[in-house]
Amino acid sequence: MFGKWFQEHSILPEELEQDMPYIYILGHKTIKILNYRKILRYSRQEMVLLLKEQRLLIQGTDLNIVYFNEDEICIRGHIVSIIYQGG
C-alpha cells in the first residue's frame, strides 16, 4: 500500500526517476555524479565515467575518489575541466 502511494506521490526529481545523470559541482574542488554507469579511467589528473549515453571526462590535479557506490560517485581535487564526450 505504501509503495503504491510513494510511486504516485514521488518526491524524487524526474531526472532521477528516468535514470538520467545528475551532476553537482561544488566550487572547483568537488563533483558528485548520480546515475553514472561505470568508472572507465582513473588517475590523479583525469577520470572518465560512463554515463547513460555519453562519457564524462574530468580533468584536474590531485583528483581522488572520496566515495562511490552503484549509482553515485564523489570526486575531489583541483577540477580544471568537465567535458561531455559523445551522445
# chains A, B, ... in the order shown; residues from 1 in each chain; ligands from 1
$ residues_around --residues "range 47-58 of chain A" --least-positions-apart "2" --cutoff "10 Å" --atoms "only C-alpha atoms" --output "MDAnalysis selection string"
chainID A and resid 19:22 31 33:45 60 63:65 73 75 79:87
$ atom_distance --atom1 "CA of Asp62 in chain A" --atom2 "CA of Gly77 in chain A"
5.0 Å
$ select_by_dssp --residues "range 24-64 of chain A" --states "strand (DSSP E)" --output "list in words"
Tyr24, Ile25, Leu26, Thr30, Ile31, Lys32, Ile33, Leu34, Lys38, Ile39, Leu40, Arg41, Tyr42, Glu46, Met47, Val48, Leu49, Leu50, Arg55, Leu56, Leu57, Ile58, Gln59, Gly60, Thr61, Asp62, Leu63 and Asn64 of chain A
$ write_last_selection --atoms "N, CA and C atoms" --output "CSV table (one decimal), in the first residue's frame"
chain,number,residue,atom,x,y,z
A,24,TYR,N,26.3,17.4,-9.5
A,24,TYR,CA,26.5,18.6,-8.5
A,24,TYR,C,28.0,19.0,-8.6
A,25,ILE,N,28.2,20.3,-8.8
A,25,ILE,CA,29.6,20.8,-8.8
A,25,ILE,C,29.6,21.8,-7.7
A,26,LEU,N,30.5,21.6,-6.8
A,26,LEU,CA,30.7,22.4,-5.6
A,26,LEU,C,32.0,23.1,-5.7
A,30,THR,N,35.0,19.9,-5.8
A,30,THR,CA,34.2,18.7,-5.6
A,30,THR,C,33.1,18.5,-6.7
A,31,ILE,N,33.0,17.3,-7.2
A,31,ILE,CA,31.9,17.0,-8.1
A,31,ILE,C,31.3,15.7,-7.7
A,32,LYS,N,29.9,15.7,-7.7
A,32,LYS,CA,29.2,14.4,-7.3
A,32,LYS,C,28.3,14.1,-8.6
A,33,ILE,N,28.3,12.8,-9.0
A,33,ILE,CA,27.6,12.4,-10.1
A,33,ILE,C,26.6,11.3,-9.7
A,34,LEU,N,25.4,11.4,-9.9
A,34,LEU,CA,24.4,10.4,-9.6
A,34,LEU,C,24.0,9.7,-10.9
A,38,LYS,N,29.7,3.5,-14.9
A,38,LYS,CA,31.0,2.8,-14.7
A,38,LYS,C,32.1,3.8,-14.7
A,39,ILE,N,33.2,3.5,-13.9
A,39,ILE,CA,34.4,4.2,-14.0
A,39,ILE,C,35.3,3.6,-15.1
A,40,LEU,N,35.6,4.4,-16.1
A,40,LEU,CA,36.4,3.8,-17.3
A,40,LEU,C,37.9,4.1,-17.1
A,41,ARG,N,38.2,5.2,-16.6
A,41,ARG,CA,39.6,5.6,-16.4
A,41,ARG,C,39.8,6.4,-15.1
A,42,TYR,N,40.9,6.1,-14.4
A,42,TYR,CA,41.1,6.8,-13.1
A,42,TYR,C,42.6,7.1,-12.9
A,46,GLU,N,43.1,12.7,-14.4
A,46,GLU,CA,42.0,12.5,-15.3
A,46,GLU,C,41.1,11.3,-14.9
A,47,MET,N,39.8,11.6,-15.0
A,47,MET,CA,38.9,10.5,-14.7
A,47,MET,C,37.8,10.5,-15.8
A,48,VAL,N,37.5,9.3,-16.3
A,48,VAL,CA,36.5,9.2,-17.3
A,48,VAL,C,35.4,8.3,-16.8
A,49,LEU,N,34.1,8.8,-16.8
A,49,LEU,CA,33.0,8.0,-16.3
A,49,LEU,C,32.1,7.7,-17.5
A,50,LEU,N,31.5,6.5,-17.5
A,50,LEU,CA,30.4,6.2,-18.5
A,50,LEU,C,29.1,6.6,-17.8
A,55,ARG,N,30.1,9.9,-22.3
A,55,ARG,CA,31.2,9.8,-21.3
A,55,ARG,C,31.4,11.2,-20.7
A,56,LEU,N,31.8,11.2,-19.4
A,56,LEU,CA,32.1,12.4,-18.7
A,56,LEU,C,33.6,12.4,-18.4
A,57,LEU,N,34.4,13.4,-18.9
A,57,LEU,CA,35.8,13.5,-18.7
A,57,LEU,C,36.0,14.6,-17.7
A,58,ILE,N,36.7,14.3,-16.6
A,58,ILE,CA,37.0,15.2,-15.6
A,58,ILE,C,38.5,15.3,-15.5
A,59,GLN,N,39.1,16.6,-15.7
A,59,GLN,CA,40.5,16.8,-15.7
A,59,GLN,C,40.9,17.7,-14.6
A,60,GLY,N,42.0,17.5,-14.0
A,60,GLY,CA,42.5,18.4,-12.9
A,60,GLY,C,43.8,17.9,-12.3
A,61,THR,N,44.0,18.3,-11.1
A,61,THR,CA,45.2,17.8,-10.4
A,61,THR,C,44.7,17.3,-9.0
A,62,ASP,N,45.5,16.3,-8.5
A,62,ASP,CA,45.2,15.7,-7.2
A,62,ASP,C,43.8,15.2,-7.1
A,63,LEU,N,43.2,14.6,-8.2
A,63,LEU,CA,41.9,14.1,-8.2
A,63,LEU,C,41.8,12.8,-7.4
A,64,ASN,N,40.8,12.6,-6.6
A,64,ASN,CA,40.7,11.5,-5.7
A,64,ASN,C,39.2,11.1,-5.6
